[in-house]
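K.L.:
Before I ask anything, let me first share the structure, which is written out below as structure tokens.
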Amino acid sequence: ANIYKFLVAGFVPVFVMLLFPGFELTTLVLAISGFSLAILLVPLAEIARRCLSGLAWCDVSKGVGLIWRYCISRIPADLLLMSMISIWLVIGAHLFDYQSVSYISIGIALLGALGAIVVPFEMVLLPNIRRLSSLSVVSRSGELVAAALKCSHDLAIYITIHVFALSAFIIRSWLGGGVYYDAVGYLRLMCPMLLGYILFTSSRGLIDEISEKSINSYLTGVALAISLLFFVSGRYLLQLDSLQWLCISCSLGFLLLGLSANIVLFHRYRLRVSVKRYVLPVGYSLMSATTIYLIRYYHAAAHMNAHVSIAIILFCETLMSILFVMLMARDHNVWALKTLSMMSEAVHRLRVLATGQVKGSASKESA
């Protein structure tokens, strides 16, 4: 899947640009569509080969039916999530000027960059959680989910607080000063959106694992409806006709989505929320963000060279982040070692089950 994304996002556009100089957008869309259809021929050819080699067609249709029922219900979740990201730009483009709407696009651009941080949690943990669940080790899989949620919560808190404190630095480093400085306030209003998006991104794969029904589709649809209703009611009933209100409505939707996804997991695995454990990550995030903010304020007051100031602040941010990871690893009781111990227990149970099946089986095929 990642190779496919790389080819679609990188190889195909470059190939079209070199092959058709001065191409139109239609040419690029046709090239990506044709490449995607060609990729689909690979599994179809494999199915045809297996059918010709003796695989019963009823088994193929049954397997395809299972996959279809599982996947088709998850398509609305992706479409609704894309709508939550894009619909605010569409609304803003019709109600406000394009320069103001571009400020919202800055916050949305940060979603993809910062949300990708927690994606490895799902990619690494989901197979192990699936194995533990299939072996009825629910308590162990719950511990693994709890550890993953704690890590994602700590990262979400750290990222949100630092983006809020360093909004002016981000805008100045990214776009420069002057007219773009108005974007700082809008970016700070959209910080809860970052918090909710990171919480949801780290939870959606785990939610898909616990239920055949697409719970994410319901959660995303409800969050989108509530945020739109909140915006419309404020605009037409309270006369809040401003871009700030649109940013608040957008942040509310993502925050509700992230919190509801975590509530589903906490209820499924019967996890408990301890407010005390959040004192350390919140306290450290506030302290480190305040320190970096004061360093930036001193550089601005001293009229230091902009490039030197950016380099120093990035170095301090990197150092603070490394210390944060070390501090949180200590709080999670060496989370990686716990994961390895759970995996080894699952492997041991698999061996026991496999040994018992081989001894009790009557034929090589059943074994």
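Quick note on naming: the chains in the structure tokens go A, B, ... in the order shown, residues restart at 1 in each chain, and ligands are numbered from 1 in order of appearance.
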Against range 68-80 of chain A, which residues of range 156-243 of chain A fall within 8 Å? For each one I want the closest pair of atoms and the distance in Å (one decimal), counting only C-alpha atoms, rows by chain and increasing residue number, as CSV.
P.N.:
residue,atom,partner,partner_atom,distance
A:Glu212,CA,A:Tyr70,CA,6.2
A:Lys213,CA,A:Ser73,CA,7.0
A:Ser214,CA,A:Arg74,CA,5.4
A:Asn216,CA,A:Ala77,CA,5.7
A:Ser217,CA,A:Ala77,CA,4.0
A:Tyr218,CA,A:Ala77,CA,7.6
A:Thr220,CA,A:Leu80,CA,6.1
A:Gly221,CA,A:Leu80,CA,6.3
A:Leu224,CA,A:Leu80,CA,7.6
K.L.:
Would you mind listing what lies within 12 Å of Ile108 in chain A as an MDAnalysis selection string, with only C-alpha atoms counted and same-chain residues fewer than 6 positions away left out?
P.N.:
chainID A and resid 82 84:89 101:102 114:115 186:187 190:194 197 247 250:251 254
